[in-house]
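Data block for query06.cif (mmCIF, C-alpha atoms):
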```
data_protein
#
loop_
_atom_site.label_atom_id
_atom_site.label_comp_id
_atom_site.auth_asym_id
_atom_site.auth_seq_id
_atom_site.Cartn_x
_atom_site.Cartn_y
_atom_site.Cartn_z
CA MET A 1 -21.70 -10.73 10.76
CA LYS A 2 -20.94 -12.21 7.34
CA ALA A 3 -20.25 -10.41 4.08
CA LEU A 4 -21.52 -10.88 0.55
CA VAL A 5 -19.26 -9.50 -2.21
CA LEU A 6 -20.65 -9.13 -5.71
CA ALA A 7 -18.05 -9.98 -8.35
CA GLY A 8 -20.25 -10.82 -11.32
CA GLY A 9 -21.89 -8.35 -13.69
CA THR A 10 -20.97 -7.43 -17.23
CA GLY A 11 -19.11 -4.14 -16.73
CA SER A 12 -20.60 -2.63 -19.87
CA ARG A 13 -19.09 0.83 -19.25
CA LEU A 14 -15.59 -0.67 -19.26
CA ARG A 15 -15.80 -2.49 -22.57
CA PRO A 16 -13.74 -3.70 -24.38
CA PHE A 17 -11.68 -4.56 -21.25
CA THR A 18 -14.55 -6.49 -19.68
CA HIS A 19 -15.07 -8.66 -22.74
CA THR A 20 -12.03 -10.63 -21.61
CA ARG A 21 -11.88 -10.15 -17.84
CA ALA A 22 -14.02 -9.28 -14.84
CA LYS A 23 -14.24 -5.57 -14.05
CA GLN A 24 -13.40 -6.39 -10.43
CA LEU A 25 -9.96 -7.53 -11.60
CA LEU A 26 -8.97 -4.29 -13.28
CA PRO A 27 -6.07 -2.83 -11.29
CA ILE A 28 -5.74 0.12 -8.96
CA ALA A 29 -2.05 0.73 -8.24
CA ASN A 30 -1.32 -2.73 -9.68
CA ARG A 31 -3.79 -4.56 -7.40
CA PRO A 32 -7.20 -5.85 -8.52
CA VAL A 33 -10.10 -3.69 -7.37
CA VAL A 34 -11.71 -6.63 -5.56
CA HIS A 35 -8.61 -6.97 -3.36
CA TYR A 36 -9.39 -3.58 -1.82
CA ALA A 37 -12.96 -4.70 -1.08
CA LEU A 38 -11.80 -7.90 0.60
CA GLN A 39 -9.15 -6.07 2.62
CA ALA A 40 -11.75 -3.54 3.80
CA ILE A 41 -14.01 -6.39 4.92
CA ALA A 42 -11.18 -8.12 6.76
CA ASP A 43 -10.22 -4.84 8.45
CA ALA A 44 -13.82 -4.57 9.68
CA GLY A 45 -13.43 -7.86 11.55
CA ILE A 46 -15.59 -10.00 9.28
CA GLU A 47 -14.23 -13.47 8.51
CA GLU A 48 -16.88 -15.36 6.49
CA VAL A 49 -17.44 -14.00 2.99
CA GLY A 50 -19.59 -15.19 0.12
CA VAL A 51 -18.36 -14.10 -3.32
CA VAL A 52 -21.01 -14.01 -6.04
CA VAL A 53 -19.39 -14.76 -9.42
CA GLY A 54 -20.61 -15.03 -12.99
CA SER A 55 -19.02 -15.68 -16.37
CA HIS A 56 -15.51 -14.74 -15.16
CA ALA A 57 -15.68 -17.04 -12.13
CA ASP A 58 -12.40 -18.85 -12.87
CA GLU A 59 -10.47 -15.58 -13.13
CA ILE A 60 -11.91 -14.35 -9.84
CA ARG A 61 -10.99 -17.61 -8.11
CA GLN A 62 -7.46 -17.45 -9.46
CA ALA A 63 -6.97 -13.85 -8.31
CA VAL A 64 -8.55 -14.25 -4.88
CA GLY A 65 -8.08 -17.90 -3.94
CA ASP A 66 -9.60 -19.16 -0.71
CA GLY A 67 -9.30 -15.77 0.98
CA SER A 68 -6.57 -16.83 3.40
CA ALA A 69 -4.27 -14.07 2.12
CA PHE A 70 -6.76 -11.61 3.65
CA GLY A 71 -7.54 -13.69 6.73
CA LEU A 72 -10.95 -14.59 5.28
CA ARG A 73 -12.88 -17.79 4.60
CA LEU A 74 -14.49 -17.56 1.17
CA THR A 75 -17.47 -19.37 -0.31
CA TYR A 76 -18.06 -18.91 -4.05
CA LEU A 77 -21.67 -18.59 -5.18
CA HIS A 78 -22.45 -18.83 -8.89
CA GLN A 79 -25.01 -16.50 -10.47
CA GLU A 80 -25.99 -17.76 -13.91
CA LYS A 81 -26.93 -14.30 -15.19
CA PRO A 82 -26.52 -10.81 -13.69
CA LEU A 83 -30.14 -10.46 -12.62
CA GLY A 84 -29.70 -7.76 -10.00
CA LEU A 85 -28.33 -7.22 -6.50
CA ALA A 86 -31.48 -8.55 -4.84
CA HIS A 87 -31.16 -11.70 -6.94
CA ALA A 88 -27.62 -12.14 -5.62
CA VAL A 89 -29.01 -12.03 -2.08
CA LEU A 90 -31.60 -14.63 -3.09
CA ILE A 91 -29.06 -17.13 -4.37
CA ALA A 92 -26.90 -16.59 -1.27
CA ARG A 93 -29.73 -17.50 1.12
CA ASP A 94 -28.22 -20.78 2.31
CA PHE A 95 -24.79 -19.24 2.86
CA LEU A 96 -26.18 -16.23 4.74
CA ALA A 97 -28.57 -18.34 6.86
CA ASP A 98 -30.04 -16.10 9.58
CA ASP A 99 -26.94 -13.99 10.13
CA ASP A 100 -26.62 -10.24 9.69
CA PHE A 101 -24.45 -9.44 6.70
CA LEU A 102 -22.62 -6.71 4.81
CA LEU A 103 -23.42 -6.41 1.10
CA TYR A 104 -20.45 -4.95 -0.78
CA LEU A 105 -20.11 -4.32 -4.52
CA GLY A 106 -16.75 -5.76 -5.51
CA ASP A 107 -15.85 -2.93 -7.89
CA ASN A 108 -16.14 -0.29 -5.16
CA TYR A 109 -13.19 1.59 -3.70
CA LEU A 110 -13.63 3.39 -0.38
CA GLU A 111 -10.53 5.12 0.89
CA ASP A 112 -11.49 4.75 4.57
CA GLY A 113 -12.90 1.22 4.36
CA VAL A 114 -16.04 0.04 6.17
CA ALA A 115 -14.90 -0.76 9.72
CA GLY A 116 -16.82 2.13 11.30
CA PHE A 117 -19.91 1.44 9.21
CA VAL A 118 -19.92 -2.24 10.24
CA ARG A 119 -19.42 -1.39 13.92
CA ARG A 120 -22.35 1.04 13.94
CA ALA A 121 -24.55 -1.46 12.08
CA GLU A 122 -23.81 -4.10 14.71
CA GLU A 123 -24.53 -1.67 17.53
CA GLY A 124 -27.73 -0.19 16.12
CA ARG A 125 -29.02 -3.29 14.36
CA ASP A 126 -31.63 -1.56 12.24
CA ALA A 127 -33.25 -3.80 9.64
CA ALA A 128 -30.96 -2.18 7.07
CA ARG A 129 -28.25 0.47 7.00
CA LEU A 130 -27.16 2.21 3.80
CA LEU A 131 -23.97 4.10 3.07
CA LEU A 132 -24.60 7.28 1.06
CA THR A 133 -22.54 10.11 -0.39
CA PRO A 134 -23.55 13.47 -1.92
CA VAL A 135 -22.97 13.61 -5.68
CA PRO A 136 -23.24 16.45 -8.21
CA ASP A 137 -25.49 14.45 -10.60
CA PRO A 138 -27.88 12.20 -8.66
CA THR A 139 -29.71 11.16 -11.86
CA ALA A 140 -26.94 8.63 -12.53
CA PHE A 141 -27.38 6.77 -9.20
CA GLY A 142 -29.82 5.21 -6.83
CA VAL A 143 -30.90 8.11 -4.60
CA ALA A 144 -32.17 8.12 -1.01
CA GLU A 145 -34.52 10.58 0.68
CA VAL A 146 -33.64 10.74 4.38
CA ASP A 147 -35.54 12.39 7.25
CA GLY A 148 -34.10 14.42 10.11
CA ASP A 149 -33.57 11.32 12.25
CA GLY A 150 -31.45 9.62 9.62
CA LEU A 151 -34.14 7.17 8.54
CA VAL A 152 -34.67 6.43 4.86
CA ARG A 153 -38.12 7.36 3.60
CA ARG A 154 -37.79 6.77 -0.11
CA LEU A 155 -35.40 5.25 -2.64
CA GLU A 156 -35.36 5.91 -6.36
CA GLU A 157 -33.22 4.33 -9.07
CA LYS A 158 -31.68 6.97 -11.40
CA PRO A 159 -34.57 9.44 -11.01
CA ASP A 160 -35.20 12.20 -13.54
CA ARG A 161 -36.04 14.59 -10.69
CA PRO A 162 -34.04 13.51 -7.63
CA ARG A 163 -35.45 14.30 -4.19
CA SER A 164 -31.93 14.59 -2.76
CA ASP A 165 -28.29 14.47 -3.80
CA LEU A 166 -27.53 11.41 -1.64
CA ALA A 167 -26.42 8.48 -3.80
CA LEU A 168 -26.20 4.84 -2.78
CA ILE A 169 -22.54 3.86 -2.67
CA GLY A 170 -23.05 0.10 -2.95
CA VAL A 171 -22.39 -0.83 0.69
CA TYR A 172 -25.31 -2.09 2.78
CA ALA A 173 -25.76 -3.81 6.13
CA PHE A 174 -28.78 -6.10 6.52
CA THR A 175 -30.46 -8.21 9.15
CA PRO A 176 -32.28 -11.40 8.04
CA ALA A 177 -35.38 -9.23 7.49
CA VAL A 178 -34.11 -8.51 3.98
CA HIS A 179 -34.77 -12.08 2.83
CA GLU A 180 -38.53 -11.58 2.87
CA ALA A 181 -38.07 -8.33 0.98
CA VAL A 182 -36.02 -9.82 -1.87
CA ARG A 183 -38.58 -12.59 -2.25
CA ALA A 184 -41.38 -10.05 -2.46
CA VAL A 185 -40.06 -7.74 -5.19
CA ARG A 186 -40.57 -8.27 -8.90
CA PRO A 187 -38.16 -7.62 -11.80
CA SER A 188 -37.72 -3.99 -12.80
CA GLY A 189 -38.07 -2.63 -16.32
CA ARG A 190 -34.55 -3.80 -17.10
CA GLY A 191 -35.39 -7.33 -15.97
CA GLU A 192 -33.46 -7.26 -12.69
CA LEU A 193 -34.37 -7.68 -9.04
CA GLU A 194 -33.29 -4.31 -7.68
CA ILE A 195 -31.94 -4.01 -4.15
CA THR A 196 -33.43 -0.50 -4.03
CA HIS A 197 -36.88 -2.03 -4.51
CA ALA A 198 -36.23 -4.53 -1.72
CA VAL A 199 -35.10 -1.78 0.65
CA GLN A 200 -38.13 0.33 -0.29
CA TRP A 201 -40.32 -2.68 0.50
CA MET A 202 -38.74 -2.77 3.97
CA VAL A 203 -39.44 0.94 4.46
CA ASP A 204 -43.05 0.53 3.27
CA HIS A 205 -43.57 -2.32 5.76
CA GLY A 206 -42.43 -0.27 8.72
CA LEU A 207 -38.91 -1.65 9.13
CA ALA A 208 -36.16 0.73 10.23
CA VAL A 209 -33.77 1.56 7.41
CA ARG A 210 -31.06 3.97 8.51
CA ALA A 211 -28.75 6.05 6.34
CA GLU A 212 -25.15 6.95 6.99
CA THR A 213 -23.42 9.62 4.91
CA THR A 214 -19.75 9.90 4.00
CA THR A 215 -17.86 12.57 2.12
CA ARG A 216 -14.62 10.59 2.01
CA PRO A 217 -13.24 9.49 -1.39
CA TRP A 218 -15.30 6.77 -3.05
CA ARG A 219 -15.37 5.38 -6.58
CA ASP A 220 -17.32 2.51 -8.09
CA THR A 221 -14.58 2.10 -10.78
CA GLY A 222 -17.31 1.33 -13.31
CA SER A 223 -15.81 3.64 -15.92
CA VAL A 224 -12.34 4.53 -17.14
CA ASP A 225 -12.50 7.96 -15.49
CA ASP A 226 -13.52 6.48 -12.15
CA LEU A 227 -10.78 3.85 -12.35
CA LEU A 228 -8.13 6.48 -13.05
CA GLU A 229 -9.42 8.63 -10.19
CA ALA A 230 -9.36 5.68 -7.77
CA ASN A 231 -5.83 4.93 -8.93
CA ARG A 232 -4.91 8.54 -8.09
CA HIS A 233 -6.33 8.24 -4.57
CA VAL A 234 -4.39 5.04 -3.85
CA LEU A 235 -1.13 6.37 -5.29
CA ASP A 236 -1.49 9.44 -3.07
CA ARG A 237 -0.82 7.06 -0.14
CA LEU A 238 2.09 5.32 -1.84
CA GLU A 239 5.43 5.04 -0.06
CA GLY A 240 8.48 5.25 -2.29
CA ARG A 241 10.76 2.24 -2.51
CA VAL A 242 13.28 0.96 -5.04
CA ASP A 243 13.76 -2.79 -5.23
CA GLY A 244 14.47 -2.94 -8.96
CA LYS A 245 17.34 -1.51 -11.01
CA VAL A 246 17.62 2.23 -11.72
CA ASP A 247 20.66 3.35 -13.71
CA PRO A 248 22.70 6.51 -12.94
CA ASP A 249 21.20 8.33 -15.93
CA SER A 250 17.70 8.12 -14.45
CA VAL A 251 16.01 10.52 -12.03
CA LEU A 252 13.29 9.59 -9.55
CA VAL A 253 11.36 12.50 -8.05
CA GLY A 254 8.95 12.10 -5.13
CA ARG A 255 7.30 8.84 -4.12
CA VAL A 256 8.20 6.20 -6.70
CA ARG A 257 7.98 2.45 -6.13
CA ILE A 258 10.07 0.25 -8.41
CA ALA A 259 9.32 -3.46 -7.89
CA GLU A 260 12.01 -6.11 -7.82
CA GLY A 261 12.79 -7.20 -11.36
CA ALA A 262 11.82 -3.86 -12.90
CA VAL A 263 14.42 -1.83 -14.84
CA VAL A 264 14.60 1.95 -15.36
CA ARG A 265 17.16 3.32 -17.83
CA GLY A 266 17.78 6.91 -18.88
CA SER A 267 14.35 8.03 -17.67
CA ARG A 268 12.72 10.60 -15.42
CA ILE A 269 9.90 9.39 -13.17
CA VAL A 270 7.91 11.87 -11.08
CA GLY A 271 5.79 10.26 -8.38
CA PRO A 272 3.55 9.04 -7.19
CA VAL A 273 4.24 6.22 -9.62
CA ILE A 274 4.37 2.43 -9.28
CA VAL A 275 6.32 0.20 -11.67
CA GLY A 276 5.62 -3.53 -11.52
CA ALA A 277 7.99 -6.50 -11.62
CA GLY A 278 9.53 -7.22 -15.01
CA ALA A 279 8.62 -3.81 -16.43
CA VAL A 280 11.20 -1.82 -18.40
CA VAL A 281 11.16 1.99 -18.66
CA SER A 282 13.75 3.30 -21.09
CA ASN A 283 14.52 6.84 -22.30
CA SER A 284 11.09 7.98 -21.15
CA SER A 285 9.25 10.40 -18.89
CA VAL A 286 6.64 8.96 -16.50
CA GLY A 287 4.24 10.29 -13.92
CA PRO A 288 2.63 11.49 -11.78
CA TYR A 289 -0.28 9.15 -10.91
CA THR A 290 0.76 6.39 -13.27
CA ALA A 291 0.59 2.66 -12.51
CA ILE A 292 2.68 0.42 -14.74
CA ALA A 293 1.89 -3.26 -14.29
CA GLU A 294 4.13 -6.30 -14.56
CA ASP A 295 6.11 -6.93 -17.76
CA CYS A 296 5.18 -3.61 -19.40
CA ARG A 297 7.64 -1.82 -21.68
CA ILE A 298 7.87 1.94 -22.16
CA GLU A 299 10.49 3.25 -24.57
CA ASP A 300 11.15 6.75 -25.93
CA SER A 301 7.78 7.94 -24.61
CA ALA A 302 6.09 10.31 -22.20
CA ILE A 303 3.10 9.14 -20.16
CA GLY A 304 1.21 10.42 -17.11
CA PHE A 305 -1.99 9.93 -15.09
CA SER A 306 -2.55 6.54 -16.70
CA VAL A 307 -2.88 2.83 -15.94
CA LEU A 308 -1.06 0.19 -17.97
CA LEU A 309 -2.13 -3.42 -17.58
CA ARG A 310 0.24 -6.38 -17.64
CA GLY A 311 2.43 -6.68 -20.72
CA ALA A 312 1.42 -3.38 -22.34
CA CYS A 313 3.98 -1.76 -24.63
CA VAL A 314 4.34 1.94 -25.46
CA GLU A 315 7.04 3.02 -27.92
CA GLY A 316 7.74 6.46 -29.37
CA ALA A 317 4.66 8.15 -27.94
CA SER A 318 5.17 11.91 -27.60
CA ARG A 319 2.60 12.23 -24.79
CA ILE A 320 -0.08 9.96 -23.35
CA GLU A 321 -2.35 11.09 -20.50
CA GLU A 322 -5.57 9.95 -18.80
CA SER A 323 -5.36 6.57 -20.51
CA LEU A 324 -6.12 2.95 -19.68
CA ILE A 325 -4.04 0.56 -21.79
CA GLY A 326 -4.99 -3.10 -21.76
CA ARG A 327 -3.02 -6.32 -21.36
CA GLU A 328 -0.46 -6.93 -24.11
CA ALA A 329 -1.69 -3.82 -25.95
CA VAL A 330 0.85 -2.10 -28.19
CA VAL A 331 1.08 1.65 -28.85
CA THR A 332 3.62 2.76 -31.47
CA THR A 333 4.22 5.65 -33.82
CA ALA A 334 2.90 5.45 -37.36
CA PRO A 335 5.50 4.34 -39.94
CA ARG A 336 4.88 7.41 -42.13
CA PRO A 337 3.24 10.85 -41.85
CA VAL A 338 -0.34 10.36 -40.72
CA HIS A 339 -2.81 11.25 -43.46
CA THR A 340 -5.21 8.52 -42.43
CA HIS A 341 -5.81 6.61 -39.20
CA ARG A 342 -5.53 2.85 -38.98
CA LEU A 343 -7.51 1.39 -36.07
CA VAL A 344 -8.02 -2.10 -34.68
CA LEU A 345 -10.65 -1.67 -31.93
CA GLY A 346 -12.70 -3.99 -29.76
CA ASP A 347 -16.45 -3.67 -29.32
CA HIS A 348 -17.67 -0.49 -27.63
CA SER A 349 -14.24 1.16 -27.79
CA LYS A 350 -13.87 4.94 -27.64
CA VAL A 351 -11.14 6.80 -29.60
CA GLN A 352 -10.37 10.50 -29.83
CA LEU A 353 -8.55 11.61 -33.00
CA THR A 354 -6.94 14.98 -33.60
CA PRO A 355 -7.94 16.71 -36.85
#
```
Could I get this file's structure written as structure tokens?
Amino acid sequence: MKALVLAGGTGSRLRPFTHTRAKQLLPIANRPVVHYALQAIADAGIEEVGVVVGSHADEIRQAVGDGSAFGLRLTYLHQEKPLGLAHAVLIARDFLADDDFLLYLGDNYLEDGVAGFVRRAEEGRDAARLLLTPVPDPTAFGVAEVDGDGLVRRLEEKPDRPRSDLALIGVYAFTPAVHEAVRAVRPSGRGELEITHAVQWMVDHGLAVRAETTTRPWRDTGSVDDLLEANRHVLDRLEGRVDGKVDPDSVLVGRVRIAEGAVVRGSRIVGPVIVGAGAVVSNSSVGPYTAIAEDCRIEDSAIGFSVLLRGACVEGASRIEESLIGREAVVTTAPRPVHTHRLVLGDHSKVQLTP
């Protein structure tokens, strides 16, 4: 079995971060999201992987390389525009040949990986196998209607009146039968070739499409809230370790990982927390569930349940929570009592101001 990882797309819900980088490269516990996808694929015993890339192709290549770090052999496949998941399968036809394959969205995080899912797909070898999870609001997802034998009878994309609460996670196993299906479907109302339409075509033509349901932690990391929640899940598994410098005036509580080259002075850090190489935490309070990337600086501040990207700086902040702070971003106190707010924001930013 091969794998096809989708690492293109625009990441509109994560703007302005995705104006300057691929959403698959945003970090969970200081590792790019796509690294978790590739590791899950390697752990499932798959070795040949096609990576579909778009406008941020060079960044993806730089972060992932040839795949050897994961024990994988990667082939990069360029998608000119994000025209849908079925379109990605179309452009990967030569790479996939007539092999079964796993389709995996590169911004997905599954705590338990896909090894069991892949094994059962290889054993059962239905035309398609879908991984589903129950969600409280199915209207925001592709939704599957499944019969008592576990076979999919109907798929709907973000339905107003869902027939079930089972959402498509973004992990699929296909036999070569899917290639006829993706050729047969037409663009949806949003101009994309939808994989849900291709799978529905398979169902309508009598092919066996089987569903598998999981209730284990999963996030598509397509929004700030989802990214922070995925970060929490990963940090829950963190093992504490101090390779950097922590002075005697600092206190580390619980599972805290301080990378080599990081410095902690006069601070209290309550884990789980990870502090990247070159970062400096001074006279501050940090944690829990905070990931501080390389070369960040936190001084005279309090921060928790947040993700700081490389080079971010926070100075004099009384309390920051549930935040995602971008590369080289600077957060400081105002130079005088705040009667007005001065903002420099990227496109599609969201800011909450106190009265």
>> Once the PyMOL selection byres ((chain A and resi 174) around 9) has been evaluated on this model, what residues remain selected, and can you format them as JSON, numbers by chain?
In response: {"A": [99, 100, 101, 102, 103, 121, 125, 126, 127, 128, 129, 130, 172, 173, 175, 176, 177, 178]}
>> I'd like the contact shell of Phe95 in chain A - 9 Å cut-off, only C-alpha atoms, skipping same-chain residues fewer than 5 positions apart - returned as a VMD selection string.
In response: chain A and resid 50 75 77
> A:Arg297, A:Arg327, A:Arg154, A:Arg237: which is nearest Cys313 in chain A, counting only C-alpha atoms?
Replying inline: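 Ranking A:Arg297, A:Arg327, A:Arg154, A:Arg237 by distance to Cys313 in chain A, first place goes to A:Arg297.
Distance-wise, CA of Val182 in chain A and CA of Val49 in chain A end up 19.7 Å apart.
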Close residues, Val51 in chain A itself excluded, 7 Å, only C-alpha atoms, min 3 positions apart in chain, as a PDB file with C-alpha atoms, in the coordinates of the input:
```
ATOM      1  CA  LEU A   4     -21.520 -10.880   0.550  1.00  0.00           C
ATOM      2  CA  VAL A   5     -19.260  -9.500  -2.210  1.00  0.00           C
ATOM      3  CA  LEU A   6     -20.650  -9.130  -5.710  1.00  0.00           C
ATOM      4  CA  ALA A   7     -18.050  -9.980  -8.350  1.00  0.00           C
ATOM      5  CA  LEU A  74     -14.490 -17.560   1.170  1.00  0.00           C
ATOM      6  CA  THR A  75     -17.470 -19.370  -0.310  1.00  0.00           C
ATOM      7  CA  TYR A  76     -18.060 -18.910  -4.050  1.00  0.00           C
ATOM      8  CA  LEU A  77     -21.670 -18.590  -5.180  1.00  0.00           C
TER       9      LEU A  77
END
```
> Between A:Ala3, A:Val256, A:Ala69, A:Ala57, which has the minimum distance to Ala97 in chain A (counting all atoms listed in the file)?
Replying inline: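 Smallest separation from Ala97 in chain A among the options: A:Ala3.
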Test item: which residues lie within 12 Å of (14.0, 3.2, -4.0) counting all atoms listed in the file, as a PDB file with C-alpha atoms, keeping the file's coordinate frame:
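Wrote it out as part.pdb, contents follow:
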```
ATOM      1  CA  GLU A 239       5.430   5.040  -0.060  1.00  0.00           C
ATOM      2  CA  GLY A 240       8.480   5.250  -2.290  1.00  0.00           C
ATOM      3  CA  ARG A 241      10.760   2.240  -2.510  1.00  0.00           C
ATOM      4  CA  VAL A 242      13.280   0.960  -5.040  1.00  0.00           C
ATOM      5  CA  ASP A 243      13.760  -2.790  -5.230  1.00  0.00           C
ATOM      6  CA  GLY A 244      14.470  -2.940  -8.960  1.00  0.00           C
ATOM      7  CA  LYS A 245      17.340  -1.510 -11.010  1.00  0.00           C
ATOM      8  CA  VAL A 246      17.620   2.230 -11.720  1.00  0.00           C
ATOM      9  CA  ASP A 247      20.660   3.350 -13.710  1.00  0.00           C
ATOM     10  CA  VAL A 251      16.010  10.520 -12.030  1.00  0.00           C
ATOM     11  CA  LEU A 252      13.290   9.590  -9.550  1.00  0.00           C
ATOM     12  CA  VAL A 253      11.360  12.500  -8.050  1.00  0.00           C
ATOM     13  CA  GLY A 254       8.950  12.100  -5.130  1.00  0.00           C
ATOM     14  CA  ARG A 255       7.300   8.840  -4.120  1.00  0.00           C
ATOM     15  CA  VAL A 256       8.200   6.200  -6.700  1.00  0.00           C
ATOM     16  CA  ARG A 257       7.980   2.450  -6.130  1.00  0.00           C
ATOM     17  CA  ILE A 258      10.070   0.250  -8.410  1.00  0.00           C
ATOM     18  CA  ALA A 259       9.320  -3.460  -7.890  1.00  0.00           C
ATOM     19  CA  GLU A 260      12.010  -6.110  -7.820  1.00  0.00           C
ATOM     20  CA  ALA A 262      11.820  -3.860 -12.900  1.00  0.00           C
ATOM     21  CA  VAL A 263      14.420  -1.830 -14.840  1.00  0.00           C
ATOM     22  CA  VAL A 264      14.600   1.950 -15.360  1.00  0.00           C
ATOM     23  CA  ILE A 269       9.900   9.390 -13.170  1.00  0.00           C
ATOM     24  CA  GLY A 271       5.790  10.260  -8.380  1.00  0.00           C
ATOM     25  CA  VAL A 273       4.240   6.220  -9.620  1.00  0.00           C
ATOM     26  CA  ILE A 274       4.370   2.430  -9.280  1.00  0.00           C
ATOM     27  CA  VAL A 275       6.320   0.200 -11.670  1.00  0.00           C
TER      28      VAL A 275
END
```
>> Once the PyMOL selection byres ((chain A and resi 139) around 9) has been evaluated on this model, what residues remain selected, and can you format them as a ChimeraX atom specification?
In response: /A:137-138,140-143,157-162,165
> What is the CA of Asp149 in chain A-CA of Glu123 in chain A distance in Å, reported with one decimal?
Replying inline: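 CA of Glu123 in chain A lies 16.7 Å from CA of Asp149 in chain A.
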> When the PyMOL selection byres ((chain A and resi 301-307) around 6) is applied to the file above, which residues end up in the set, as a VMD selection string?
Replying inline: chain A and resid 284 to 291 299 to 300 308 315 to 324
Contact table range 52-94 of chain A vs range 187-211 of chain A, cut-off 6 Å, shortest pair per residue, only C-alpha atoms, as a tab-separated table:
```
residue	atom	partner	partner_atom	distance
A:Leu83	CA	A:Glu192	CA	4.6
A:Gly84	CA	A:Glu192	CA	4.7
A:Leu85	CA	A:Ile195	CA	5.4
A:Ala86	CA	A:Ile195	CA	4.6
A:His87	CA	A:Leu193	CA	5.6
```
>> To one decimal place in Å, what is the distance between CA of Leu228 in chain A and CA of Gln62 in chain A?
In response: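 Interatomic distance here is 24.2 Å.
Among the candidate residues A:Val185, A:Ala63, A:Leu353, A:Leu38, the one lying nearest to Asp107 in chain A is A:Leu38, with distances computed using only C-alpha atoms.
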Counting only C-alpha atoms, I want the residues whose atoms come within 9 Å of (-8.4, -2.5, -11.9) in the file frame, returned as a compact mmCIF listing (two decimals) with C-alpha atoms, keeping the file's coordinate frame.
```txt
# COMPACT_ATOMS: atom_id res chain seq x y z
CA LYS A 23 -14.24 -5.57 -14.05
CA GLN A 24 -13.40 -6.39 -10.43
CA LEU A 25 -9.96 -7.53 -11.60
CA LEU A 26 -8.97 -4.29 -13.28
CA PRO A 27 -6.07 -2.83 -11.29
CA ILE A 28 -5.74 0.12 -8.96
CA ALA A 29 -2.05 0.73 -8.24
CA ASN A 30 -1.32 -2.73 -9.68
CA ARG A 31 -3.79 -4.56 -7.40
CA PRO A 32 -7.20 -5.85 -8.52
CA VAL A 33 -10.10 -3.69 -7.37
CA VAL A 34 -11.71 -6.63 -5.56
CA ASP A 107 -15.85 -2.93 -7.89
CA THR A 221 -14.58 2.10 -10.78
CA LEU A 227 -10.78 3.85 -12.35
CA ASN A 231 -5.83 4.93 -8.93
CA VAL A 307 -2.88 2.83 -15.94
CA LEU A 309 -2.13 -3.42 -17.58
```
